[in-house]
Structure formats: structure tokens, C-alpha cells
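Read the structure below first, then the notes.
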Amino acid sequence: MYQFRLFHIAKPRQRFLVFVALPAICLAGALVLFGLWSLWITAEKSDAVTRDRQVREVRLAIGATLDELAQSQAGVAIWDPAFAEVSKRKPDLDWLDQNVGTWLNYVFNHEVDIIVDGQDRPLYAMKHGVRVNPEIFLRVQKGVAFLIAEARGQSSDQANPHERLPNQEIHPQSTVRTSPFAVHATDLVDIEGKVAAASVMRMMPDSYGAGATTGTEPLLISIRYLNTSLMQNLQRERGIVGARVTKSPAIDSSAVYSVALSSWDGKPIGYFTWLPEMPGKGILRSVLLQGGVALLALLGLLAALTASVGRLMSKDAKSIQRLEEARSELQATEAQALYLANHDALTGLPNRASFSRFVDEAIGAAGLDTLLGVMLIDLDRFKQVNDTLGHLAGDQLLQAVAARLVNCVGDCDVVARLGGDEFAICLADRRVSDDFSDAANAILSELRKPFEILGSSVHVGGSIGMAISPFQGSERTELLRKADIAMYKAKEAGRNDYRFFTAKMDESIAGRRVIEDELRAALRSGGELFVEYQPKLDATGRRILGLEALVRWKHPTRGNLAPDAFIPVAEECGLINAVGGWVLAEACRVARQWPKLSMAVNISPMQFRTPDVAHSIQSIVLEAGVKPEQIELEVTESILVEDDIAVKTALEGLRASGFRIALDDFGTGYSSLSYLKKFKVDRIKIDKSFIRRLGHDPEANAIVQAVIALGHAMALSVTAEGVETEEQECLLQIAGCNELQGFLFSKALPEKDLHAFFVEKHMAFDGTGPAPKVRRQVRFGA
């Protein structure tokens, strides 16, 4: 009996040791080894990623140094007074000190600046802020000889991303910040055994055109050595510790790292060496040092937990299963997080943003004989399901509803979940209105069928509201608003039904009719509409380049109305051509008074749908006695997405006639690179919603810089509208923006105030002051 009892007592212990304790010990050891291995691999990868990031930062910093060097040269190289001075038989060296050498040295940290004449004879030199013998050129001539040849057009080498060479296209990956008229060769060079950034730029007057350069102008040679303040900036701003230039690469890459430096043609000139960050190694040492005690404690805790598991194995089986289910759900949720940008996480359907894009594109692609319907669906009795069966049941119900809705539509349609229990459907490419009624009936029939949710049969229905384009409008926001109104009418009528939007449902329609009638009267009377003009300035904010014409309505009872209050009504009721033509004629009349300033006029997308729109615009401008080259027509991105042959033909005809085309509010709509390539424009205007966030939102800074770089890469001029602060002006100047416009410089002015405004600016131009400030005065010109 004793032996029998002992056997039964020992047997569970053996099972525990064999099936719990021993596996736990083995697992613990494996986890420790795996953890150490994973930590080591992670540390290695972290160090590699950090090192690669620093390599990119080094290359970007060197590239930025080259671009900044050339950009800083342009301020004096392309300047009438400087060109005139160096063209003299005996230049005034004191004047060159004050306006060229000292300016470039103290403002832009140039270490060496040399001016040579058309025969490469040195005229002037400054080194470290002190004028020196121009013969110093002989010491650097060998290092910059190939740049001089490129700047004079004596080399057939392909331009690098930091150059503008004569008679050559800029590099496809160009980051150059200089104006299109600048001619310069910029690269890394070896000067007397020292690696330096060097730029050679032709000196020319402001008035030179692109074809005026001959290759025999004076040259401005600027040099910044890499082993100077640049290294200090890299350590201070980018965390590059111990940065220096060496003749040979580092031997121990784990402690010191080197990147080969070479000119664009591949000629090696040295190595950029620094002490790379090794966060992974530091973390590894810290964990190994401080985690030993914690590891022992964890092993002890694991032993205690293992013993506890042995006692609770039978009771915890269900708990382990629930934990496994929770882990699986968590993994699914993490995977869905990557999907949230354009899709609903629960149902997998497109979200509101994706649906909006689809509707906009479908409207733009719709033909004259096709209909498009926007349908909003709100589930009936959904809250009752959530309250009685729980939120899990509600989620499963939404997924089941989504699946049924998808099965009810065609391949060219889209189903989206807008939020909660609200769904949206866009029915595209329909021919008759009955198609929408049939679709609504089919959807309601599916929603009335029972849903099997968590073992229960659930009955719900739906209330549907519909708006059809073009009957209820041709804009997404208007269609959604009207569909929403119709959906609530369906709910008011007893639910589980559908309604089409009608005019009686929207009290605002009556108000729009009043606006239409009053606008017609205003056009007949001719005394209520007027145009204000907002100045546009160059990147310095000191030269007026043109004006933008902005229509206003002096309403007899409502006061001054902005365009947003009546232009949409004019587009809907067919008055936009009359309003747009009147505004263009007024703008041309004012433009004729100021022939040196460009005049920008907004053209509605609806005007481009009018036959012979190009001929109409040309007639108005020529009749006013204004050259088309003075007029800039601003269009919105919506006309591009329609891919209309008539629109494309009109734009091409206008550009061929001399008009410039500007793409307004760039970044708020479609902003596709393919549209910019397909529809040729001359300028893009960054929307003020991005400019307003400059200096406060890093994302806005990145977007603005990217748009400016994109515009310059496509040879487009870039205008920033809505500039209100000096900080925004400074950031836009640094980014290379071509034109600035906003309240910082001037609000929109009536015609009668323009002359006073220009006189004020001329007073600033004609006033006396220190000589160096002459180059900051306000000037007029295109």
C-alpha cells in the first residue's frame, strides 16, 4: 500500500519535471541565448543604420555646401554695378572690397574669392576677409582650371547636379538654386593638397538675357575649404563628431569611418573621415552591464512561475487559449494599421479620403451622356445590436454589411465606409436614372435579409440618400451634402427606404437663386463689381514683378463679398463667362498703365469648357491693347484631372500666343507629376494653407521645399501666396522660391491706390542711404 501511494505521488512529479520544469529550463536558456544574439544583431544593425544615415547627411551637407556656394555668388556675379566695375580698365578695389569680397566672406563664409577677366588674368582677390595680391590665383589655378573651362563653355563634360553650364541642360537630378540665367561650374576640387568646394560663375549684368553670354565675361571664383567652419557646422547641426578630411581612408571602420571624396568626373581628391555614432554598441554594453542582475531575477521568477504553472496547468488551459486569440487579434490589428492611410481598418473598404478621390476622378472622367450617383447609407437599428450583443457583434455586422454592399455594385463603382454605421457608394458610368433606383432597391433587399452574428439572427435595414451628377451638381462636396440631406429625409419617412435629392430639400437653393438674380442685375448695372490688385514680388521681397487681379462685389445690402460667395453661383447659372470676361478686360485696362508688370487673372474651369475660350481671351486682351506676354492666366488643378482634349488644346493655343499659364493652389488637389508633364504650364503657385504653417509644422516645411524643388526641376517658376510673416519670407528665400505674394508686402489694393503704392516703393528706391544697401532697394521689372 505504501509503495502504491508513493508511486502515485512520484508520478505527477516526474511528469512535472519532464513536461514542465525541464522544457522551461531549456526554454529559458534558449531565450537567454536568443536574446543575447538578437541584441547583438540589433546593435549591429542599429550601428549600420546610424552610420548609413550619417553618410547620407555628409553627402547632403557637401551637396548643400556646393549649392549654397553657387547661390551666394549669384548675388554679386549677376549685378549691374559689379559687372560695370570689373569691366573698367582699373576697377575700384575698395568698392570691390565692400560690395563683393567682404560681403561674400562675412555673410557667406567664403574663404577665398578671386575675380579674373575674360583672358583669365586676375583682377582682384580676398582671402579670409582680407584683400590679397591677385597673383594668389596662380596657386589655385591648377585646381579650378577645369571649372573655368566649363564656365567658359570650353568643355563638353556633362553638367553635375550643382552646375548650370552654357549650352547644356541641367542635370536630371539637379539641386541647383541659382536663377536660369546664371552660368557656373561647381564641384569639389583639390587645391594645393586641400579638399575644397569651388564655384566659378560668369559675371554679367542683370539685364543680360539667356543668349547674351559669350564665354569671355569676367569670372568670379569662390572657394570654401572643407577642413574649416564646415566641419564645425556638421558637428553642431548634424552631430558628425570629429569630422575632418584625410588623404587615406580609416583603417578601423568600427571606430573611425571614411567616405571617399571625388569630383563629379570621378577623380579622387581625399576622404571625409569622422567618428561614427555607435548607439547599438552603447546599448549592448549598458544592457549586458545592468541587465545581469535583472536577468538573474527573471530566471528566479521564471522558476517560480514554472512551479506555479505545474500546479495550475489544468486550470489555465482556457486562459492560454484566450491569450493566444488576443495575440492573433493584436497581430491582425497591427497589420491593418498599415492599411489605414486609404482604407477602413475594420471592413477593409476605402475610407473617406479614398472615396473623395474616386468621386473627383469619376466626375472628371464622366462624359456628356453619362450619369454619376453618390449614395449615402446609414444602417437602421445598428445601435440596438451594439447595446444587446456588444461591440464585437456590431463590428461583425459592419463587416457583413460591407461584404453585401460590395456584391451589389459593379467593377467601376466603389463602396466606402465613412465612419460609424455610415457607408457611401459611388455609382459611375450610368446611362439612365432608373439604374440608381434599381441599385438602391437591390441594396435595401440585401440589408433586409437576416445576418448571423455570434450565433444570433440579426435584422437591420438601411436609409439611403442619393444625389446624381450632373442634375444635382458636378462637385463632390455638393453631391455628398445633398445625398446626406436626402438620407435624413429617408429616415424621417420611416427608415428602410431611399430618397433622391430634390430642390425642396435644401433651403439654401433659394438663397443661391437670390444671389444669381442679384448678380445678373449687378452685371447689367455695371457699378457693383470691382477689381482689386495684389502685388507680387521677387524672392527678395523688394522688387515688384506683377499684380494679381481679384474680383469683388460691393453688394448693396450685404457689403463687400469675396469671390467664394458668388463665383460658384456664377459657374452653376452660366454667368461665369460674363464675369470672367469683364474681370479680364478690367485687368488688361490696368495692365496697360503698367507695361513692365505682369498681370495675373484667374480663369474658372467652367470657362475652359466653353468653345473657343482661347479665341475669346485673345480677343479681349488684344482689344485692350495689351501684349499676351504681359498676361498670366491662373487655372486650378481640377481642369487637368478631367483630361479633356478641348482644355488641353485651349491651354496649348494660349501658350503659343504668348500667354503664361500658372497652376493655382498647387498641393491642395491632385498635384500629379503626370499632369504637369501632360499639360504644359509656366508657373505653379503654392497654396497659402502650406505657407501659413511654415516655421511651425516640419511637414509643411518639407512639402514647400519639395514643391519648389519639383518646380525648378521642371523649369517652372514657383510663387508662394499668403506670405504674412518675415519668418515665412526668409524660409521661402532659402528654399529658392521665385515670387512672393501676401499681406506681408501688401493687401489687395483698389486701382486708385496702386499709384500711391508704387510711389511709396519708388521713394524707398530713390532715397539716400549707405552704398551697400543699394542692392536691397525695391525695383520694378519682370
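Here's how to read the names in the C-alpha cells: chain A, B, ... by the order shown, residue numbers from 1 in each chain, ligand numbers from 1 in the order shown.
Neighbours of Ala393 (chain A) closer than or equal to 12 Å, with only C-alpha atoms counted and sequence neighbours fewer than 2 positions away skipped, come out as Phe382, Lys383, Gln384, Val385, Asn386, Asp387, Thr388, Leu389, Gly390, His391, Asp395, Gln396, Leu397, Leu398, Gln399, Ala400, Phe451, Glu452, Ile453, Leu454, Gly455, Ser456, Ser457 and Val458 of chain A.
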Within 12 Å of Lys194 (chain A), counting only C-alpha atoms, which residues qualify if same-chain residues fewer than 5 places away don't, as an MDAnalysis selection string? chainID A and resid 139:140 143 188:189 223:228 244:247 261 269:272
Within 12 Å of Gly574 (chain A) using only C-alpha atoms, minus same-chain residues under 2 positions, as a PyMOL selection string: chain A and resi 516+519-520+567-572+576-580+604+606-607+609-610
Kindly export the residues of the current selection with N, CA, C and O atoms, as an mmCIF file, in the first residue's frame.
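The new file part11.cif reads:
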data_model
loop_
_atom_site.group_PDB
_atom_site.id
_atom_site.type_symbol
_atom_site.label_atom_id
_atom_site.label_comp_id
_atom_site.auth_asym_id
_atom_site.auth_seq_id
_atom_site.Cartn_x
_atom_site.Cartn_y
_atom_site.Cartn_z
ATOM 1 N N GLU A 516 -28.029 84.633 -57.657
ATOM 2 C CA GLU A 516 -27.978 84.624 -59.118
ATOM 3 C C GLU A 516 -28.694 85.847 -59.697
ATOM 4 O O GLU A 516 -28.164 86.532 -60.574
ATOM 5 N N LEU A 519 -26.770 88.964 -58.990
ATOM 6 C CA LEU A 519 -25.554 89.024 -59.784
ATOM 7 C C LEU A 519 -25.860 89.443 -61.219
ATOM 8 O O LEU A 519 -25.112 90.217 -61.833
ATOM 9 N N ARG A 520 -26.965 88.927 -61.757
ATOM 10 C CA ARG A 520 -27.359 89.352 -63.102
ATOM 11 C C ARG A 520 -27.630 90.865 -63.127
ATOM 12 O O ARG A 520 -27.226 91.566 -64.065
ATOM 13 N N ILE A 567 -18.876 83.413 -57.047
ATOM 14 C CA ILE A 567 -18.314 82.747 -58.225
ATOM 15 C C ILE A 567 -18.912 81.344 -58.417
ATOM 16 O O ILE A 567 -19.241 80.958 -59.544
ATOM 17 N N PRO A 568 -19.074 80.492 -57.347
ATOM 18 C CA PRO A 568 -19.709 79.184 -57.569
ATOM 19 C C PRO A 568 -21.117 79.310 -58.162
ATOM 20 O O PRO A 568 -21.522 78.487 -58.989
ATOM 21 N N VAL A 569 -21.856 80.338 -57.715
ATOM 22 C CA VAL A 569 -23.191 80.551 -58.279
ATOM 23 C C VAL A 569 -23.081 80.938 -59.747
ATOM 24 O O VAL A 569 -23.848 80.451 -60.599
ATOM 25 N N ALA A 570 -22.133 81.799 -60.069
ATOM 26 C CA ALA A 570 -21.940 82.198 -61.459
ATOM 27 C C ALA A 570 -21.581 81.004 -62.337
ATOM 28 O O ALA A 570 -22.019 80.906 -63.492
ATOM 29 N N GLU A 571 -20.797 80.068 -61.794
ATOM 30 C CA GLU A 571 -20.432 78.880 -62.560
ATOM 31 C C GLU A 571 -21.643 77.990 -62.798
ATOM 32 O O GLU A 571 -21.809 77.415 -63.882
ATOM 33 N N GLU A 572 -22.517 77.869 -61.808
ATOM 34 C CA GLU A 572 -23.682 76.999 -61.946
ATOM 35 C C GLU A 572 -24.726 77.586 -62.891
ATOM 36 O O GLU A 572 -25.361 76.841 -63.651
ATOM 37 N N ILE A 576 -20.520 82.770 -65.506
ATOM 38 C CA ILE A 576 -19.079 82.856 -65.253
ATOM 39 C C ILE A 576 -18.337 83.449 -66.443
ATOM 40 O O ILE A 576 -17.330 84.150 -66.282
ATOM 41 N N ASN A 577 -18.823 83.190 -67.676
ATOM 42 C CA ASN A 577 -18.144 83.767 -68.839
ATOM 43 C C ASN A 577 -18.265 85.292 -68.854
ATOM 44 O O ASN A 577 -17.311 85.998 -69.186
ATOM 45 N N ALA A 578 -19.447 85.791 -68.480
ATOM 46 C CA ALA A 578 -19.637 87.242 -68.439
ATOM 47 C C ALA A 578 -18.766 87.866 -67.349
ATOM 48 O O ALA A 578 -18.099 88.882 -67.566
ATOM 49 N N VAL A 579 -18.770 87.237 -66.148
ATOM 50 C CA VAL A 579 -17.963 87.772 -65.041
ATOM 51 C C VAL A 579 -16.481 87.679 -65.383
ATOM 52 O O VAL A 579 -15.717 88.639 -65.224
ATOM 53 N N GLY A 580 -16.050 86.480 -65.866
ATOM 54 C CA GLY A 580 -14.638 86.294 -66.182
ATOM 55 C C GLY A 580 -14.158 87.222 -67.282
ATOM 56 O O GLY A 580 -13.050 87.770 -67.213
ATOM 57 N N SER A 604 -11.826 80.473 -64.561
ATOM 58 C CA SER A 604 -12.615 79.386 -63.978
ATOM 59 C C SER A 604 -12.541 78.140 -64.852
ATOM 60 O O SER A 604 -12.481 78.226 -66.084
ATOM 61 N N MET A 606 -14.940 76.304 -65.544
ATOM 62 C CA MET A 606 -16.129 76.319 -66.391
ATOM 63 C C MET A 606 -15.880 77.118 -67.670
ATOM 64 O O MET A 606 -16.461 76.812 -68.722
ATOM 65 N N GLN A 607 -15.027 78.135 -67.611
ATOM 66 C CA GLN A 607 -14.738 78.905 -68.813
ATOM 67 C C GLN A 607 -14.010 78.056 -69.848
ATOM 68 O O GLN A 607 -14.202 78.224 -71.058
ATOM 69 N N ARG A 609 -14.523 75.034 -70.441
ATOM 70 C CA ARG A 609 -15.454 74.131 -71.105
ATOM 71 C C ARG A 609 -16.251 74.846 -72.206
ATOM 72 O O ARG A 609 -17.060 74.225 -72.890
ATOM 73 N N THR A 610 -16.029 76.151 -72.351
ATOM 74 C CA THR A 610 -16.726 76.931 -73.368
ATOM 75 C C THR A 610 -15.974 76.824 -74.700
ATOM 76 O O THR A 610 -14.751 76.972 -74.730
#
Residues of region 306-433 of chain A in strand (DSSP E or B), written as an MDAnalysis selection string: chainID A and resid 343 350 371:380 414:419 422:430
Write the residues of the selection above to a file with N, CA, C and O atoms, as a tab-separated table (two decimals), in the first residue's frame.
chain	number	residue	atom	x	y	z
A	343	HIS	N	-7.76	53.03	-46.30
A	343	HIS	CA	-8.83	52.06	-46.12
A	343	HIS	C	-9.32	52.06	-44.67
A	343	HIS	O	-8.59	52.43	-43.75
A	350	PRO	N	-12.49	51.24	-48.80
A	350	PRO	CA	-11.86	52.57	-48.86
A	350	PRO	C	-12.46	53.50	-47.79
A	350	PRO	O	-13.64	53.40	-47.47
A	371	LEU	N	-24.19	59.45	-66.41
A	371	LEU	CA	-24.63	59.94	-65.10
A	371	LEU	C	-23.75	59.31	-64.02
A	371	LEU	O	-23.21	58.22	-64.20
A	372	LEU	N	-23.65	60.00	-62.91
A	372	LEU	CA	-22.90	59.51	-61.76
A	372	LEU	C	-23.72	59.74	-60.50
A	372	LEU	O	-24.27	60.84	-60.32
A	373	GLY	N	-23.81	58.73	-59.68
A	373	GLY	CA	-24.60	58.85	-58.46
A	373	GLY	C	-23.76	58.66	-57.21
A	373	GLY	O	-22.89	57.79	-57.15
A	374	VAL	N	-23.99	59.51	-56.22
A	374	VAL	CA	-23.37	59.38	-54.90
A	374	VAL	C	-24.47	58.97	-53.93
A	374	VAL	O	-25.50	59.63	-53.82
A	375	MET	N	-24.23	57.88	-53.24
A	375	MET	CA	-25.24	57.28	-52.36
A	375	MET	C	-24.68	57.19	-50.94
A	375	MET	O	-23.57	56.68	-50.74
A	376	LEU	N	-25.40	57.70	-49.96
A	376	LEU	CA	-25.04	57.58	-48.55
A	376	LEU	C	-26.02	56.63	-47.88
A	376	LEU	O	-27.24	56.75	-48.06
A	377	ILE	N	-25.49	55.67	-47.11
A	377	ILE	CA	-26.30	54.63	-46.47
A	377	ILE	C	-26.04	54.67	-44.98
A	377	ILE	O	-24.88	54.60	-44.54
A	378	ASP	N	-27.10	54.77	-44.21
A	378	ASP	CA	-27.00	54.73	-42.75
A	378	ASP	C	-27.82	53.53	-42.26
A	378	ASP	O	-29.00	53.40	-42.60
A	379	LEU	N	-27.18	52.64	-41.49
A	379	LEU	CA	-27.87	51.43	-41.04
A	379	LEU	C	-28.94	51.77	-39.99
A	379	LEU	O	-28.71	52.62	-39.11
A	380	ASP	N	-30.07	51.11	-40.09
A	380	ASP	CA	-31.15	51.26	-39.11
A	380	ASP	C	-30.96	50.23	-38.01
A	380	ASP	O	-30.57	49.09	-38.25
A	414	VAL	N	-17.52	52.05	-56.43
A	414	VAL	CA	-16.73	51.90	-55.21
A	414	VAL	C	-17.65	52.02	-54.00
A	414	VAL	O	-18.59	52.82	-53.99
A	415	VAL	N	-17.37	51.18	-53.00
A	415	VAL	CA	-18.08	51.21	-51.73
A	415	VAL	C	-17.08	51.64	-50.66
A	415	VAL	O	-15.96	51.14	-50.62
A	416	ALA	N	-17.48	52.57	-49.80
A	416	ALA	CA	-16.59	53.08	-48.75
A	416	ALA	C	-17.34	53.16	-47.43
A	416	ALA	O	-18.56	53.26	-47.40
A	417	ARG	N	-16.57	53.08	-46.35
A	417	ARG	CA	-17.14	53.31	-45.02
A	417	ARG	C	-16.63	54.67	-44.54
A	417	ARG	O	-15.42	54.88	-44.41
A	418	LEU	N	-17.57	55.58	-44.27
A	418	LEU	CA	-17.20	56.93	-43.86
A	418	LEU	C	-16.97	57.04	-42.37
A	418	LEU	O	-16.29	57.96	-41.91
A	419	GLY	N	-17.53	56.11	-41.61
A	419	GLY	CA	-17.39	56.14	-40.17
A	419	GLY	C	-18.64	55.62	-39.50
A	419	GLY	O	-19.75	55.76	-40.04
A	422	GLU	N	-22.10	54.41	-41.18
A	422	GLU	CA	-22.42	55.14	-42.40
A	422	GLU	C	-21.50	54.69	-43.53
A	422	GLU	O	-20.28	54.67	-43.40
A	423	PHE	N	-22.12	54.29	-44.64
A	423	PHE	CA	-21.40	53.85	-45.82
A	423	PHE	C	-21.71	54.79	-46.98
A	423	PHE	O	-22.72	55.50	-46.97
A	424	ALA	N	-20.83	54.78	-47.98
A	424	ALA	CA	-21.03	55.59	-49.17
A	424	ALA	C	-20.73	54.75	-50.40
A	424	ALA	O	-19.84	53.89	-50.37
A	425	ILE	N	-21.48	54.99	-51.47
A	425	ILE	CA	-21.28	54.28	-52.72
A	425	ILE	C	-21.27	55.31	-53.85
A	425	ILE	O	-22.10	56.22	-53.88
A	426	CYS	N	-20.32	55.15	-54.76
A	426	CYS	CA	-20.29	55.96	-55.98
A	426	CYS	C	-20.61	55.05	-57.16
A	426	CYS	O	-19.86	54.09	-57.42
A	427	LEU	N	-21.72	55.32	-57.81
A	427	LEU	CA	-22.15	54.55	-58.97
A	427	LEU	C	-21.78	55.37	-60.21
A	427	LEU	O	-22.38	56.41	-60.48
A	428	ALA	N	-20.80	54.90	-60.95
A	428	ALA	CA	-20.28	55.65	-62.09
A	428	ALA	C	-20.74	55.04	-63.41
A	428	ALA	O	-21.17	53.89	-63.47
A	429	ASP	N	-20.65	55.88	-64.43
A	429	ASP	CA	-20.88	55.43	-65.81
A	429	ASP	C	-22.26	54.81	-65.98
A	429	ASP	O	-22.41	53.70	-66.50
A	430	ARG	N	-23.31	55.54	-65.55
A	430	ARG	CA	-24.68	55.08	-65.77
A	430	ARG	C	-25.31	55.91	-66.89
A	430	ARG	O	-24.91	57.02	-67.16
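For the atom pair formed by CA of Leu575 (chain A) and CA of Asp682 (chain A), the distance is 28.2 Å, given to one decimal.
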What does the structure give for the distance between CA of Lys482 (chain A) and CA of Phe358 (chain A), in Å to one decimal? 17.8 Å
